[in-house]
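Read the structure below first, then the notes.
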Amino acid sequence: GNSVTQMEGPVTLSEEAFLTINCTYTATGYPSLFWYVQYPGEGLQLLLKATKADDKGSNKGFEATYRKETTSFHLEKGSVQVSDSAVYFCALIPSNDYKLSFGAGTTVTVRA
Amino acid sequence: KAGVTQTPRYLIKTRGQQVTLSCSPISGHRSVSWYQQTPGQGLQFLFEYFSETQRNKGNFPGRFSGRQFSNSRSEMNVSTLELGDSALYLCASSLDGTETGYGYTFGSGTRLTVV
């Protein structure tokens, strides 16, 4: 079946530190890959996406590259801010399906 | 444009009761999906509707049901509530659900507490 595995948190960083959250997936075919972010008390917001191998998604200083050879979609940001404190979810949609499969989520806390 | 609207934001119900949650998608979006989020199980897919038809269903008991109206608004119903149904229920909409990488737009969710 389809599944997403992301690194467990929580992750605590200082402001301006480098952030990376690992995500690997299992899926048939060529899924679309996503990172969603959830702030306290809110729903999910799409952070970035990639639809085919070697695509790089980017938004708000975050980046992730679709690596088919390693079935990975790691999220990175070079310099985090306190406002980046949130829960981050890696997700996929298979090419023949309509539902998102999510990873367990990684809680990130950035301290000033 | 307006985002995905879920009502109510918070609900407290008693075991054995039933509940109906509502979701209004982004104007023009015809696909609506529902997800349950709990600390223990994470985000789990409930069902997806497109043009009033359920196209996909997750592994939830029959107490969980949904429907979609001609204006694309959707409701989900949970009957005979159990304590374990306490969760954040998220609705997401997309143009047509055939993902070409646009992703779904999520609402803020309905927080259901069963006591």
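Scheme for the structure tokens: letters A, B, ... for chains in order shown; per-chain residue numbers from 1; ligand numbers from 1 in order shown.
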### Task
Show which residues sit within 7 Å of Gln37 (chain B), as a list of chain:residue names. Count only C-alpha atoms, and ignore same-chain residues fewer than 3 positions away.
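Selected residues are B:Gly42, B:Leu43, B:Gln44, B:Ala87, B:Leu88, B:Tyr89.
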Go ahead and dump the residues you just picked, N, CA, C and O atoms, as a PDB file, in the first residue's frame.
```pdb
ATOM      1  N   GLY B  42      -3.054   9.927  14.118  1.00  0.00           N
ATOM      2  CA  GLY B  42      -2.646  10.910  13.114  1.00  0.00           C
ATOM      3  C   GLY B  42      -3.798  11.284  12.199  1.00  0.00           C
ATOM      4  O   GLY B  42      -4.950  11.292  12.609  1.00  0.00           O
ATOM      5  N   LEU B  43      -3.463  11.566  10.958  1.00  0.00           N
ATOM      6  CA  LEU B  43      -4.462  11.984   9.969  1.00  0.00           C
ATOM      7  C   LEU B  43      -4.910  10.769   9.172  1.00  0.00           C
ATOM      8  O   LEU B  43      -4.110  10.120   8.504  1.00  0.00           O
ATOM      9  N   GLN B  44      -6.205  10.508   9.230  1.00  0.00           N
ATOM     10  CA  GLN B  44      -6.747   9.362   8.513  1.00  0.00           C
ATOM     11  C   GLN B  44      -7.875   9.798   7.591  1.00  0.00           C
ATOM     12  O   GLN B  44      -8.742  10.585   7.970  1.00  0.00           O
ATOM     13  N   ALA B  87     -11.977  14.027  18.186  1.00  0.00           N
ATOM     14  CA  ALA B  87     -10.922  14.287  17.198  1.00  0.00           C
ATOM     15  C   ALA B  87     -11.149  15.642  16.568  1.00  0.00           C
ATOM     16  O   ALA B  87     -12.182  16.282  16.769  1.00  0.00           O
ATOM     17  N   LEU B  88     -10.164  16.038  15.776  1.00  0.00           N
ATOM     18  CA  LEU B  88     -10.329  17.181  14.885  1.00  0.00           C
ATOM     19  C   LEU B  88     -10.714  16.626  13.526  1.00  0.00           C
ATOM     20  O   LEU B  88      -9.996  15.794  12.968  1.00  0.00           O
ATOM     21  N   TYR B  89     -11.834  17.062  12.991  1.00  0.00           N
ATOM     22  CA  TYR B  89     -12.294  16.594  11.687  1.00  0.00           C
ATOM     23  C   TYR B  89     -12.023  17.697  10.673  1.00  0.00           C
ATOM     24  O   TYR B  89     -12.524  18.818  10.803  1.00  0.00           O
TER      25      TYR B  89
END
```
### Neighbours of chain A in chain B at 10 Å, counting only C-alpha atoms, as a ChimeraX atom specification
/B:31,33-35,39-49,55-58,88-92,96-111
### Query
So which residues touch Thr12 (chain A) within 6 Å, counting only C-alpha atoms, skipping near sequence neighbours fewer than 6 positions away, as a PyMOL selection string?
chain A and resi 108-110
I need the chosen residues saved as a PDB file, in the first residue's frame, with all heavy atoms.
```pdb
ATOM      1  N   VAL A 108       7.963  21.030  15.265  1.00  0.00           N
ATOM      2  CA  VAL A 108       9.162  21.859  15.258  1.00  0.00           C
ATOM      3  C   VAL A 108       8.944  23.067  16.159  1.00  0.00           C
ATOM      4  O   VAL A 108       7.944  23.770  16.027  1.00  0.00           O
ATOM      5  CB  VAL A 108       9.499  22.329  13.838  1.00  0.00           C
ATOM      6  CG1 VAL A 108      10.665  23.314  13.855  1.00  0.00           C
ATOM      7  CG2 VAL A 108       9.823  21.130  12.943  1.00  0.00           C
ATOM      8  N   THR A 109       9.867  23.288  17.069  1.00  0.00           N
ATOM      9  CA  THR A 109       9.836  24.465  17.940  1.00  0.00           C
ATOM     10  C   THR A 109      11.113  25.251  17.728  1.00  0.00           C
ATOM     11  O   THR A 109      12.216  24.699  17.830  1.00  0.00           O
ATOM     12  CB  THR A 109       9.719  24.063  19.421  1.00  0.00           C
ATOM     13  OG1 THR A 109       8.542  23.277  19.609  1.00  0.00           O
ATOM     14  CG2 THR A 109       9.648  25.304  20.306  1.00  0.00           C
ATOM     15  N   VAL A 110      10.952  26.530  17.418  1.00  0.00           N
ATOM     16  CA  VAL A 110      12.103  27.408  17.210  1.00  0.00           C
ATOM     17  C   VAL A 110      12.158  28.406  18.359  1.00  0.00           C
ATOM     18  O   VAL A 110      11.195  29.132  18.596  1.00  0.00           O
ATOM     19  CB  VAL A 110      12.006  28.142  15.858  1.00  0.00           C
ATOM     20  CG1 VAL A 110      13.234  29.035  15.660  1.00  0.00           C
ATOM     21  CG2 VAL A 110      11.871  27.144  14.717  1.00  0.00           C
TER      22      VAL A 110
END
```
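If you look at CA of Phe69 (chain B) and CA of Thr113 (chain B), they are 26.2 Å away from each other.
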